[in-house]
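The structure appears right after this line, and notes come after that.
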Amino acid sequence: MEVFIAGLLLAVSIYVIASQFMKSRIAAQSAHLRADEFKDGSVLEAAATEEVLGVYKKSWLPLTTKFKEYAKSLPKGKIYHRLIKAGSPMGVMEFYAFKILMCLLVPVAAFTFGGNLLGGNKVTLLVFSLAIGYLVPEFWLKSKINKRQTQIRRDLPNIIDLLSLCVNGGLDFMLAVNRVVRDMRRCDLTIELEEVYRQTQMGKSRREALKNFAWRLDMPEIYSFVRTLVQADRMGSPVGEALKMQSEEIRTRRFQMGEAMALKAPIKLLFPLFAFILPVVLVIVGGPIILQFSRGGFNMGF
């Protein structure tokens, strides 16, 4: 009971101290708005600002809503970038609160249900449980990033093909982006492209919007895609031809990645084979022999 009270007080104090120093909460979501619903950039920017502020009012943790007014001085560090890559499932304050809560709940669960683990050594159990509680949010965020990047990697060649068709049909590149976003099913990549189009409508150059797009996703395929478009824009070469070459390159890279994963599969199967399949085979094959030997030895027929 004393451990539970001490852990609870420690977690509450850490949360209060961290909340005092965290004076900001980065937007958990970008305002993805369709620019063709507005007549000019000023109206678009005002609506986008209102939608972002609307996101600020929502929070999965009620305690963090008390610190929404401190929303401008939190540095945009590594955690902020990783949350953006994951699709902004939560803000920076929520992520730190999630870590603190896990560092509280995991030790409490460990002492409640596994007090006899590790030979009853409470200090070692506390250290291990704190480490697990600290790493659980990190693994969760990493899995979100990997899942989102995998989905974007699958959708990218098809969307580039659609952009190439629209550009070759006579549309400007940004109009082609708007057409693809409007007509294609909504996914992570179309949401990001919608943000690119929105930023260009708000006054940013196409090069700057594309660079922000590459920074948000932080994938080699996206960097190559943006680099190709920027070079085509700078050199004055046809965008449609650049998109076609980029689509072929991404498909080739995805095929090579599939081959690499297929070559790694036998190595990854070794551990399940030796840990689960081989013991079962040994029991099935050697079990009757052991039973016969234990009942009276082997009968060789002599």
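Residue numbers start at 1 in each chain; chains themselves are named A, B, ... in the order of the structure tokens; ligands are numbered from 1 in the order shown.
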
Q: Fewer than 5 positions away in the same chain doesn't count, so skip those; otherwise give me all residues within 9 Å of Val127 of chain A, counting only C-alpha atoms, as a PyMOL selection string.
A: chain A and resi 107+122+132

Q. If you count only C-alpha atoms, which residues fall within 6 Å of segment 176-178 of chain A, apart from same-chain ones fewer than 5 positions away, as an NGL selection string?
A. :A and (163 or 166 or 171)

Would you put the residues from that selection into a file with N, CA and C atoms, as a compact mmCIF listing (two decimals), in the first residue's frame?
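File produced: again.txt:
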# COMPACT_ATOMS: atom_id res chain seq x y z
N LEU A 163 -1.70 11.53 -60.93
CA LEU A 163 -1.19 12.89 -61.15
C LEU A 163 -0.60 13.03 -62.55
N CYS A 166 -3.43 13.36 -65.07
CA CYS A 166 -4.06 14.68 -65.02
C CYS A 166 -3.16 15.74 -65.65
N LEU A 171 -3.89 19.69 -67.17
CA LEU A 171 -4.04 20.41 -65.91
C LEU A 171 -2.69 20.84 -65.36
